[in-house]
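Visitor: Sharing work_29.tsv here; it has TSV, C-alpha atoms.
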chain	number	residue	atom	x	y	z
A	155	MET	CA	1.55	17.90	15.85
A	156	PRO	CA	2.85	20.88	13.86
A	157	TYR	CA	6.55	21.37	13.37
A	158	ASN	CA	8.14	23.60	16.00
A	159	PRO	CA	11.72	24.68	15.17
A	160	HIS	CA	12.36	25.44	18.87
A	161	ASP	CA	11.44	21.94	20.06
A	162	ARG	CA	14.67	20.17	21.04
A	163	THR	CA	13.39	16.58	20.76
A	164	HIS	CA	14.90	14.69	17.88
A	165	THR	CA	17.20	17.62	17.08
A	166	LEU	CA	19.50	15.59	14.84
A	167	LEU	CA	16.61	14.15	12.84
A	168	ARG	CA	15.01	17.55	12.46
A	169	ALA	CA	18.32	19.07	11.42
A	170	ALA	CA	18.76	16.37	8.78
A	171	LEU	CA	15.17	16.30	7.56
A	172	PRO	CA	12.94	19.35	7.24
A	173	ALA	CA	9.36	18.97	8.52
A	174	PRO	CA	7.72	18.43	5.10
A	175	ILE	CA	10.10	15.57	4.33
A	176	MET	CA	9.40	13.94	7.70
A	177	THR	CA	5.67	14.18	7.04
A	178	GLU	CA	6.03	12.80	3.50
A	179	PHE	CA	8.28	10.00	4.73
A	180	GLY	CA	5.72	9.11	7.40
A	181	MET	CA	2.92	9.00	4.85
A	182	LEU	CA	4.95	6.81	2.49
A	183	LEU	CA	5.94	4.55	5.37
A	184	GLY	CA	2.28	4.26	6.35
A	185	LEU	CA	1.41	3.41	2.76
A	186	PHE	CA	4.14	0.74	2.66
A	187	VAL	CA	2.87	-0.83	5.91
A	188	ALA	CA	-0.76	-0.75	4.74
A	189	ALA	CA	0.16	-2.27	1.37
A	190	PHE	CA	2.29	-4.95	3.04
A	191	GLY	CA	-0.50	-5.82	5.46
A	192	ALA	CA	-3.11	-5.87	2.70
A	193	ALA	CA	-1.16	-8.60	0.89
A	194	THR	CA	-1.02	-10.85	3.94
A	195	ILE	CA	-3.86	-12.75	5.52
A	196	LEU	CA	-4.36	-9.82	7.89
A	197	PRO	CA	-7.40	-7.57	7.31
A	198	PHE	CA	-5.71	-4.43	5.95
A	199	GLN	CA	-6.88	-2.04	3.23
A	200	SER	CA	-4.25	-0.11	1.32
A	201	GLU	CA	-6.37	1.69	-1.26
A	202	VAL	CA	-7.67	4.30	1.20
A	203	VAL	CA	-4.12	5.10	2.29
A	204	LEU	CA	-2.99	5.19	-1.36
A	205	VAL	CA	-5.70	7.71	-2.25
A	206	ALA	CA	-4.76	9.86	0.76
A	207	VAL	CA	-1.09	9.90	-0.25
A	208	LEU	CA	-2.01	10.69	-3.85
A	209	GLY	CA	-3.76	13.78	-2.53
A	210	VAL	CA	-0.45	15.21	-1.32
A	211	PRO	CA	0.92	17.29	-4.20
A	212	SER	CA	4.52	17.21	-2.96
A	213	ILE	CA	4.71	13.40	-3.18
A	214	PRO	CA	5.23	12.25	-6.78
A	215	VAL	CA	2.68	9.79	-8.15
A	216	TRP	CA	5.44	7.50	-9.43
A	217	LEU	CA	6.93	7.26	-5.91
A	218	THR	CA	3.54	6.51	-4.41
A	219	PHE	CA	3.05	3.77	-7.01
A	220	LEU	CA	6.49	2.25	-6.31
A	221	VAL	CA	6.04	2.27	-2.52
A	222	ALA	CA	2.58	0.68	-2.69
A	223	THR	CA	3.70	-1.93	-5.21
A	224	ALA	CA	6.83	-2.79	-3.20
A	225	GLY	CA	4.91	-3.11	0.06
A	226	ASN	CA	2.17	-5.25	-1.46
A	227	THR	CA	4.65	-7.47	-3.30
A	228	LEU	CA	6.76	-7.98	-0.18
A	229	GLY	CA	3.61	-8.88	1.76
A	230	SER	CA	2.98	-11.63	-0.78
A	231	VAL	CA	6.60	-12.75	-0.40
A	232	ALA	CA	5.91	-13.10	3.34
A	233	ASN	CA	2.91	-15.30	2.49
A	234	TYR	CA	5.12	-17.35	0.17
A	235	ALA	CA	7.65	-17.83	2.99
A	236	LEU	CA	4.84	-18.93	5.31
A	237	GLY	CA	3.78	-21.45	2.70
A	238	ARG	CA	7.32	-22.76	2.37
A	239	ALA	CA	7.45	-23.23	6.15
A	240	ALA	CA	3.95	-24.72	6.39
A	241	GLU	CA	5.08	-28.28	5.74
A	242	ARG	CA	7.14	-28.25	8.95
A	243	PHE	CA	4.22	-27.16	11.10
A	244	LYS	CA	1.22	-28.85	9.48
A	245	ASP	CA	0.97	-31.49	12.24
A	246	ARG	CA	0.86	-28.94	15.05
A	247	ARG	CA	-2.41	-28.41	16.85
A	248	TRP	CA	-2.35	-24.63	16.34
A	249	PHE	CA	-1.82	-24.89	12.57
A	250	PRO	CA	-4.73	-23.05	10.88
A	251	ALA	CA	-5.42	-25.59	8.09
A	252	SER	CA	-6.19	-29.29	8.25
A	253	GLN	CA	-4.32	-31.85	6.17
A	254	ALA	CA	-7.42	-32.17	3.94
A	255	GLN	CA	-7.53	-28.40	3.39
A	256	LEU	CA	-3.85	-28.34	2.46
A	257	GLU	CA	-4.29	-31.21	0.02
A	258	GLY	CA	-7.34	-29.52	-1.51
A	259	ALA	CA	-5.43	-26.28	-2.00
A	260	GLN	CA	-2.53	-28.18	-3.54
A	261	ARG	CA	-4.86	-29.99	-5.98
A	262	TRP	CA	-6.49	-26.69	-6.92
A	263	PHE	CA	-3.10	-25.09	-7.55
A	264	GLU	CA	-1.91	-28.08	-9.57
A	265	ARG	CA	-5.06	-27.87	-11.69
A	266	TRP	CA	-4.96	-24.13	-12.38
A	267	GLY	CA	-1.20	-23.62	-12.21
A	268	ILE	CA	1.13	-20.77	-11.48
A	269	TRP	CA	-0.86	-18.38	-13.66
A	270	THR	CA	-3.32	-18.05	-10.78
A	271	LEU	CA	-0.68	-15.83	-9.20
A	272	LEU	CA	-1.81	-13.15	-11.65
A	273	LEU	CA	-4.97	-13.02	-9.51
A	274	SER	CA	-2.92	-12.10	-6.44
A	275	TRP	CA	-3.94	-8.47	-6.93
A	276	ALA	CA	-7.44	-9.32	-5.64
A	277	PRO	CA	-8.13	-9.20	-1.89
A	278	PHE	CA	-9.69	-12.69	-1.91
A	279	ALA	CA	-6.62	-14.22	-3.57
A	280	ASP	CA	-4.02	-13.75	-0.82
A	281	PRO	CA	-4.10	-17.49	0.07
A	282	ILE	CA	-2.91	-18.26	-3.47
A	283	THR	CA	0.47	-16.80	-2.54
A	284	VAL	CA	0.65	-19.06	0.52
A	285	VAL	CA	-0.23	-22.11	-1.59
A	286	ALA	CA	2.49	-21.13	-4.09
A	287	GLY	CA	4.98	-21.42	-1.25
A	288	VAL	CA	3.59	-24.77	-0.14
A	289	MET	CA	3.83	-26.01	-3.73
A	290	ARG	CA	7.45	-24.83	-3.95
A	291	THR	CA	6.83	-22.60	-6.94
A	292	PRO	CA	10.23	-21.28	-8.12
A	293	PHE	CA	10.76	-18.00	-6.29
A	294	TRP	CA	11.68	-15.84	-9.29
A	295	THR	CA	8.65	-17.07	-11.24
A	296	PHE	CA	6.48	-16.35	-8.21
A	297	LEU	CA	7.99	-12.88	-7.79
A	298	ALA	CA	7.60	-11.93	-11.45
A	299	LEU	CA	3.93	-12.94	-11.63
A	300	VAL	CA	3.02	-11.34	-8.31
A	301	LEU	CA	4.87	-8.12	-9.20
A	302	ILE	CA	2.94	-7.87	-12.46
A	303	ALA	CA	-0.35	-8.40	-10.62
A	304	LYS	CA	0.40	-5.93	-7.82
A	305	ALA	CA	1.74	-3.23	-10.16
A	306	GLY	CA	-1.36	-3.62	-12.32
A	307	ARG	CA	-3.59	-3.26	-9.28
A	308	TYR	CA	-2.04	0.01	-8.13
A	309	ALA	CA	-1.78	1.40	-11.66
A	310	ALA	CA	-5.52	0.75	-12.05
A	311	VAL	CA	-6.35	2.37	-8.71
A	312	ILE	CA	-4.24	5.43	-9.53
A	313	TRP	CA	-5.80	5.72	-12.98
A	314	LEU	CA	-9.32	5.37	-11.55
A	315	CYS	CA	-8.53	7.89	-8.85
A	316	ASP	CA	-7.45	10.35	-11.51
A	317	GLN	CA	-10.50	9.69	-13.68
A	318	VAL	CA	-13.02	10.37	-10.93
A	319	SER	CA	-11.03	13.23	-9.36
A	320	TRP	CA	-10.70	11.58	-5.95
A	321	CYS	CA	-7.19	12.86	-5.47
A	322	GLY	CA	-4.30	14.74	-6.95
A	323	ALA	CA	-3.03	11.88	-9.16
A	324	ALA	CA	-1.59	12.67	-12.58
Would you write the structure of this file as structure tokens?
Guide:
Amino acid sequence: MPYNPHDRTHTLLRAALPAPIMTEFGMLLGLFVAAFGAATILPFQSEVVLVAVLGVPSIPVWLTFLVATAGNTLGSVANYALGRAAERFKDRRWFPASQAQLEGAQRWFERWGIWTLLLSWAPFADPITVVAGVMRTPFWTFLALVLIAKAGRYAAVIWLCDQVSWCGAA
């Protein structure tokens, strides 16, 4: 819906934020939500939203990068928290993994180690962040490795987007 200066709904918000800022904020919020969801076990895709936001010349590329990286990293932190809580609920009927599956994931993580968190950028690797929580990986180590992976992912997407002229990046 286009901005109408005579519309009295949300007068205070409109007085505080001009229409372009509200639109930009909404797009960045949508990007944050998509990036957060994409890092969880939910079926979200953030790259399409990222490319759309990059196509808006008034939104700086660096801000788009930061919002996407923050959302995706925080989504992985949510997975980590679920993993930390998993031990309490593993005997419940509704729990999505069997004891054997949990033990298999733990053995896999013990074998390959915390460096597998550098794969957390990949869509198939979201369960690794849950297993890191189950295995009680130190939080700051977890956060550092996941942040590196997520930032690398979005930097690569932004660079590729610029190279093939999909959007207004760069």
Visitor: Quick one: of A:Met181, A:Thr223, A:Phe293, A:Lys244, who's nearest to A:Ala310, counting all atoms listed in the file?
Guide: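 Residue with the minimum atom-to-atom distance to A:Ala310: A:Thr223.
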Visitor: Tell me, as a list of chain:residue names, which residues lie within 12 Å of A:Pro197, counting only C-alpha atoms; anything in the same chain fewer than 3 positions away does not count.
Guide: A:Ala188, A:Ala189, A:Phe190, A:Gly191, A:Ala192, A:Ala193, A:Thr194, A:Ser200, A:Pro277, A:Phe278, A:Asp280
Visitor: Name all residues at most 9 Å from stretch 216-219 of chain A (count all atoms listed in the file; drop same-chain ones fewer than 6 positions away) and give them as a list of chain:residue names.
Guide: A:Leu182, A:Leu185, A:Leu204, A:Val207, A:Leu208, A:Ala305, A:Tyr308, A:Ala309, A:Ile312
Visitor: Which residue out of A:Pro292, A:Phe186, A:Glu264, A:Ile282 has the minimum interatomic distance to A:Gln199 when only C-alpha atoms are used?
Guide: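 Among the listed residues, the smallest separation from A:Gln199 belongs to A:Phe186.
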Visitor: Kindly indicate which residue among A:Lys304, A:Ile195, A:Leu314, A:Trp275 lies nearest to A:Tyr234, using all atoms listed in the file for the distances.
Guide: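 Once distances to A:Tyr234 are computed over all atoms listed in the file, the minimum belongs to A:Ile195.
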Visitor: Which residues are near A:Phe296? Cut-off 9 Å, all atoms listed in the file, ignore same chain within fewer than 2 positions. Put them as an mmCIF file with C-alpha atoms, keeping the file's coordinate frame.
Guide:
data_model
loop_
_atom_site.group_PDB
_atom_site.id
_atom_site.type_symbol
_atom_site.label_atom_id
_atom_site.label_comp_id
_atom_site.auth_asym_id
_atom_site.auth_seq_id
_atom_site.Cartn_x
_atom_site.Cartn_y
_atom_site.Cartn_z
ATOM 1 C CA VAL A 231 6.600 -12.750 -0.400
ATOM 2 C CA TYR A 234 5.120 -17.350 0.170
ATOM 3 C CA ILE A 268 1.130 -20.770 -11.480
ATOM 4 C CA LEU A 271 -0.680 -15.830 -9.200
ATOM 5 C CA THR A 283 0.470 -16.800 -2.540
ATOM 6 C CA ALA A 286 2.490 -21.130 -4.090
ATOM 7 C CA GLY A 287 4.980 -21.420 -1.250
ATOM 8 C CA THR A 291 6.830 -22.600 -6.940
ATOM 9 C CA PRO A 292 10.230 -21.280 -8.120
ATOM 10 C CA PHE A 293 10.760 -18.000 -6.290
ATOM 11 C CA TRP A 294 11.680 -15.840 -9.290
ATOM 12 C CA ALA A 298 7.600 -11.930 -11.450
ATOM 13 C CA LEU A 299 3.930 -12.940 -11.630
ATOM 14 C CA VAL A 300 3.020 -11.340 -8.310
ATOM 15 C CA LEU A 301 4.870 -8.120 -9.200
#
Visitor: Would you mind telling me which residue in A:Gly258, A:Gly209, A:Gly306, A:Pro281 lies nearest to A:Gly237 when using all atoms listed in the file?
Guide: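 So, comparing all the options, the nearest one is A:Pro281.
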Visitor: Please report the interatomic distance between atom CA of A:Gly225 and atom CA of A:Gln317 in Å with one decimal.
Guide: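 Computed distance, atom CA of A:Gly225 to atom CA of A:Gln317, equals 24.3 Å.
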Visitor: With only C-alpha atoms as the basis for distance, which of A:Ala239, A:Cys315, A:Val205, A:Ala303 is at the shortest distance from A:Ala279?
Guide: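 Nearest candidate to A:Ala279 out of A:Ala239, A:Cys315, A:Val205, A:Ala303: A:Ala303.
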Visitor: Grab the atom CA of A:Val311 to atom CA of A:Leu220 distance for me, in Å with one decimal place.
Guide: 13.1 Å
Visitor: At what distance in Å, to one decimal, does atom CA of A:Val285 lie from atom CA of A:Leu236?
Guide: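 Atom CA of A:Val285 lies at a distance of 9.1 Å from atom CA of A:Leu236.
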Visitor: Nearest to A:Ser230: which of A:Leu297, A:Met289, A:Leu256, A:Leu272 is it, counting all atoms listed in the file?
Guide: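 When distances to A:Ser230 are compared using all atoms listed in the file, the smallest one comes from A:Leu297.
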